[in-house]
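Here is the structure we will look at.
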Amino acid sequence: MEKIKIVIAGPRGRMGKEAVKMVHSIDNFELVSVIDHKHDGKMLNELVDFTQYGNTPVFSNIEECLQKSGADVLVDLTTPEFGYIHTKTALQYGVRPVVGTTGFTEDQLKELKTLAEEKDIGCIIAPNFAIGAVLMMKFSQIAAKYFNNVEIIELHHDQKLDAPSGTAIKTAEMISSVREKKEQGHSNEKETITGARGANKDGMHIHSVRLPGLIAHQQVLFGADGQGLTIRHDSYNRASFMSGVKLSIETVMNVGTLIYGLENIID
Ligand code: NAP
């Protein structure tokens, strides 16, 4: 079987490093180049942390990279600004993007979807590549049909800028699509300290914890008369996201549209 030729943008980042390691560990994958805005013209094994890897060229310019590398797939793990430019350019070059970078706008997603369909190639954008997190969301959606009292607690490292997390919002949306609408808590409840009951999304309350030492965690708590059900997922390190990146690389080769969210490629 022919190997899938892969370019990784953002190889020095926390996610990028894991992605380089994962791609090297899969027989069917070949890392043909990387995009790094600070090390144009070098080889990957000249960079700190990558000395064990082979002679993979480093480019800062994505167009030059895609013209020279013959890549099938671009994996982007950078920043919203560059992630969007990289994804759009890859689609224009007929290279299939797998994007973990978060923070794309609705308009950008629409534009990228149109472009992927015009080109008839796949593009997968997943704000959470942890398969367990996707299962947590799916299981919560099933439970919400039977338990309509639910609160969400998401816990992340203290460098995270947005709250609540995209995963918590997505979980609430998935629950809302099936649960009988309900405003959570007592109808006369009052916060004696503002924010005590957390954010309110469709009547569900979402609580955001930020502490050093954490990576990405979430629990969904359901309550009913005399019983409770807690569904919890923990990402203990960034390797937890790599099985989702691998699955997305394999899947993107066989679709002709943009897929947003790993939940849409897991049966
Ligand atoms: P990070 O450690 O800050 O890494 C980002 C990397 O991108 C840095 O090495 C940065 O280099 C590089 N970069 C910035 N602009 C670039 C450009 N134009 N070309 C090439 N490289 C560029 O962040 P991270 O934790 O790895 O996260 C990366 C992205 O993935 C973020 O958007 C984050 O929210 C997202 N994320 C997604 C998931 C998921 O499951 N989908 C999980 C965790 C994180 P410099 O530092 O030298 O500028």
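In the structure tokens, each chain is lettered A, B, ... as it comes, each chain's residues begin at 1, and ligands are numbered from 1 in order of appearance.
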
How close does chain A get to ligand 1? List, as a Markdown table, each residue of chain A within 8 Å, its nearest atom pair and the distance in Å to one decimal, counting only C-alpha atoms and all ligand atoms.
| residue | atom | partner | partner_atom_place_in_ligand_line | distance |
| --- | --- | --- | --- | --- |
| A:Ala9 | CA | ligand 1 | 20 (C) | 5.1 |
| A:Gly10 | CA | ligand 1 | 21 (N) | 3.7 |
| A:Pro11 | CA | ligand 1 | 9 (O) | 6.1 |
| A:Arg12 | CA | ligand 1 | 9 (O) | 4.2 |
| A:Gly13 | CA | ligand 1 | 4 (O) | 3.2 |
| A:Arg14 | CA | ligand 1 | 26 (O) | 3.7 |
| A:Met15 | CA | ligand 1 | 26 (O) | 3.6 |
| A:Gly16 | CA | ligand 1 | 26 (O) | 5.5 |
| A:Lys17 | CA | ligand 1 | 26 (O) | 7.7 |
| A:Ile35 | CA | ligand 1 | 20 (C) | 5.0 |
| A:Asp36 | CA | ligand 1 | 20 (C) | 3.8 |
| A:His37 | CA | ligand 1 | 19 (N) | 4.3 |
| A:Lys38 | CA | ligand 1 | 47 (O) | 6.4 |
| A:Ser60 | CA | ligand 1 | 19 (N) | 6.3 |
| A:Asp76 | CA | ligand 1 | 29 (C) | 7.8 |
| A:Leu77 | CA | ligand 1 | 28 (C) | 4.4 |
| A:Thr78 | CA | ligand 1 | 7 (O) | 3.5 |
| A:Thr79 | CA | ligand 1 | 32 (O) | 4.8 |
| A:Pro80 | CA | ligand 1 | 32 (O) | 6.0 |
| A:Phe82 | CA | ligand 1 | 18 (N) | 5.0 |
| A:Gly83 | CA | ligand 1 | 18 (N) | 7.7 |
| A:Val99 | CA | ligand 1 | 41 (N) | 7.1 |
| A:Gly100 | CA | ligand 1 | 41 (N) | 3.6 |
| A:Thr101 | CA | ligand 1 | 32 (O) | 3.5 |
| A:Thr102 | CA | ligand 1 | 32 (O) | 4.2 |
| A:Gly103 | CA | ligand 1 | 32 (O) | 6.7 |
| A:Ile125 | CA | ligand 1 | 41 (N) | 7.8 |
| A:Ala126 | CA | ligand 1 | 41 (N) | 5.1 |
| A:Pro127 | CA | ligand 1 | 41 (N) | 3.9 |
| A:Asn128 | CA | ligand 1 | 40 (O) | 3.4 |
| A:Phe129 | CA | ligand 1 | 40 (O) | 3.7 |
| A:Ala130 | CA | ligand 1 | 40 (O) | 5.9 |
| A:Arg238 | CA | ligand 1 | 43 (C) | 6.8 |
| A:Phe241 | CA | ligand 1 | 40 (O) | 5.3 |
| A:Gly244 | CA | ligand 1 | 40 (O) | 7.9 |

Write out as a tab-separated table a residue-level contact list of region 224-264 of chain A versus region 91-94 of chain A with cut-off 12 Å: for each qualifying residue the closest pair of atoms and the distance in Å to one decimal, counting only C-alpha atoms, rows sorted by chain and residue number upward.
residue	atom	partner	partner_atom	distance
A:Met253	CA	A:Gly94	CA	11.4
A:Gly256	CA	A:Gly94	CA	11.1
A:Thr257	CA	A:Leu91	CA	10.7
A:Leu258	CA	A:Leu91	CA	10.4

Subject >> Selection: 8 Å around Leu221 (chain A), only C-alpha atoms, excl. self and same-chain fewer than 5 positions, as a ChimeraX atom specification >> reply: /A:150-153,228-231

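Those residues that approach Ser187 (chain A) to within 12 Å, counting only C-alpha atoms, are Lys182, Glu183 and Gly203 of chain A; same-chain residues fewer than 4 positions away are not listed.
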
Original post:
Given the choices A:Tyr146, A:Phe104, A:Phe59, A:Tyr53, which gets closest to Lys21 (chain A) if the distance is worked out from only C-alpha atoms?
Top reply: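 For Lys21 (chain A), the nearest of the given residues is A:Tyr53.
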
Subject >> DSSP-assigned alpha helix (DSSP H) members of region 23-263 of chain A, reported as a PyMOL selection string >> reply: chain A and resi 23-25+62-69+80-92+106-119+131-144+166-176+242-252

Writing out the chosen residues with C-alpha atoms as an mmCIF file, in the first residue's frame:
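The new file out_1.cif reads:
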data_model
loop_
_atom_site.group_PDB
_atom_site.id
_atom_site.type_symbol
_atom_site.label_atom_id
_atom_site.label_comp_id
_atom_site.auth_asym_id
_atom_site.auth_seq_id
_atom_site.Cartn_x
_atom_site.Cartn_y
_atom_site.Cartn_z
ATOM 1 C CA VAL A 23 3.571 10.037 12.149
ATOM 2 C CA HIS A 24 7.026 8.451 12.481
ATOM 3 C CA SER A 25 5.535 5.527 14.392
ATOM 4 C CA ILE A 62 3.427 26.953 2.723
ATOM 5 C CA GLU A 63 3.140 27.370 -1.053
ATOM 6 C CA GLU A 64 6.789 26.453 -1.596
ATOM 7 C CA CYS A 65 6.356 23.564 0.820
ATOM 8 C CA LEU A 66 3.318 22.139 -0.973
ATOM 9 C CA GLN A 67 4.853 22.636 -4.429
ATOM 10 C CA LYS A 68 8.028 20.756 -3.458
ATOM 11 C CA SER A 69 6.772 18.077 -1.061
ATOM 12 C CA PRO A 80 -6.018 30.412 14.366
ATOM 13 C CA GLU A 81 -4.539 33.068 12.055
ATOM 14 C CA PHE A 82 -1.986 30.810 10.349
ATOM 15 C CA GLY A 83 -4.101 27.681 10.643
ATOM 16 C CA TYR A 84 -6.768 29.287 8.494
ATOM 17 C CA ILE A 85 -4.251 30.465 5.856
ATOM 18 C CA HIS A 86 -2.574 27.034 5.805
ATOM 19 C CA THR A 87 -5.888 25.193 5.481
ATOM 20 C CA LYS A 88 -7.124 27.404 2.657
ATOM 21 C CA THR A 89 -3.810 27.182 0.780
ATOM 22 C CA ALA A 90 -3.673 23.400 1.169
ATOM 23 C CA LEU A 91 -7.179 23.055 -0.300
ATOM 24 C CA GLN A 92 -6.205 25.326 -3.211
ATOM 25 C CA GLU A 106 -18.186 30.337 11.357
ATOM 26 C CA ASP A 107 -17.509 32.327 8.165
ATOM 27 C CA GLN A 108 -14.066 30.776 7.753
ATOM 28 C CA LEU A 109 -15.514 27.280 8.225
ATOM 29 C CA LYS A 110 -18.203 27.969 5.604
ATOM 30 C CA GLU A 111 -15.629 29.273 3.131
ATOM 31 C CA LEU A 112 -13.352 26.255 3.676
ATOM 32 C CA LYS A 113 -16.263 23.842 3.265
ATOM 33 C CA THR A 114 -17.201 25.437 -0.073
ATOM 34 C CA LEU A 115 -13.582 25.233 -1.219
ATOM 35 C CA ALA A 116 -13.238 21.553 -0.182
ATOM 36 C CA GLU A 117 -16.407 20.681 -2.082
ATOM 37 C CA GLU A 118 -15.329 22.638 -5.180
ATOM 38 C CA LYS A 119 -12.060 20.712 -5.151
ATOM 39 C CA ILE A 131 -11.535 9.885 21.005
ATOM 40 C CA GLY A 132 -12.538 9.446 24.661
ATOM 41 C CA ALA A 133 -13.789 13.049 24.786
ATOM 42 C CA VAL A 134 -15.949 12.441 21.740
ATOM 43 C CA LEU A 135 -17.364 9.283 23.336
ATOM 44 C CA MET A 136 -18.037 11.274 26.535
ATOM 45 C CA MET A 137 -20.120 13.705 24.470
ATOM 46 C CA LYS A 138 -21.968 10.908 22.681
ATOM 47 C CA PHE A 139 -22.665 8.986 25.923
ATOM 48 C CA SER A 140 -23.889 12.222 27.535
ATOM 49 C CA GLN A 141 -26.271 12.770 24.656
ATOM 50 C CA ILE A 142 -27.713 9.275 25.154
ATOM 51 C CA ALA A 143 -28.040 9.789 28.930
ATOM 52 C CA ALA A 144 -29.762 13.168 28.467
ATOM 53 C CA GLY A 166 -15.294 24.407 23.087
ATOM 54 C CA THR A 167 -15.836 20.804 24.190
ATOM 55 C CA ALA A 168 -18.160 21.893 27.039
ATOM 56 C CA ILE A 169 -20.179 24.082 24.672
ATOM 57 C CA LYS A 170 -20.367 21.281 22.116
ATOM 58 C CA THR A 171 -21.474 18.816 24.842
ATOM 59 C CA ALA A 172 -24.243 21.201 25.937
ATOM 60 C CA GLU A 173 -25.375 21.627 22.327
ATOM 61 C CA MET A 174 -25.502 17.860 21.782
ATOM 62 C CA ILE A 175 -27.476 17.425 25.029
ATOM 63 C CA SER A 176 -29.853 20.284 24.077
ATOM 64 C CA MET A 242 -2.959 11.469 18.529
ATOM 65 C CA SER A 243 -5.256 8.491 17.895
ATOM 66 C CA GLY A 244 -7.810 11.056 16.682
ATOM 67 C CA VAL A 245 -5.211 12.732 14.448
ATOM 68 C CA LYS A 246 -4.282 9.315 13.008
ATOM 69 C CA LEU A 247 -7.916 8.396 12.367
ATOM 70 C CA SER A 248 -8.513 11.791 10.732
ATOM 71 C CA ILE A 249 -5.494 11.405 8.408
ATOM 72 C CA GLU A 250 -6.794 8.019 7.272
ATOM 73 C CA THR A 251 -10.370 9.275 6.878
ATOM 74 C CA VAL A 252 -9.561 12.514 5.080
#
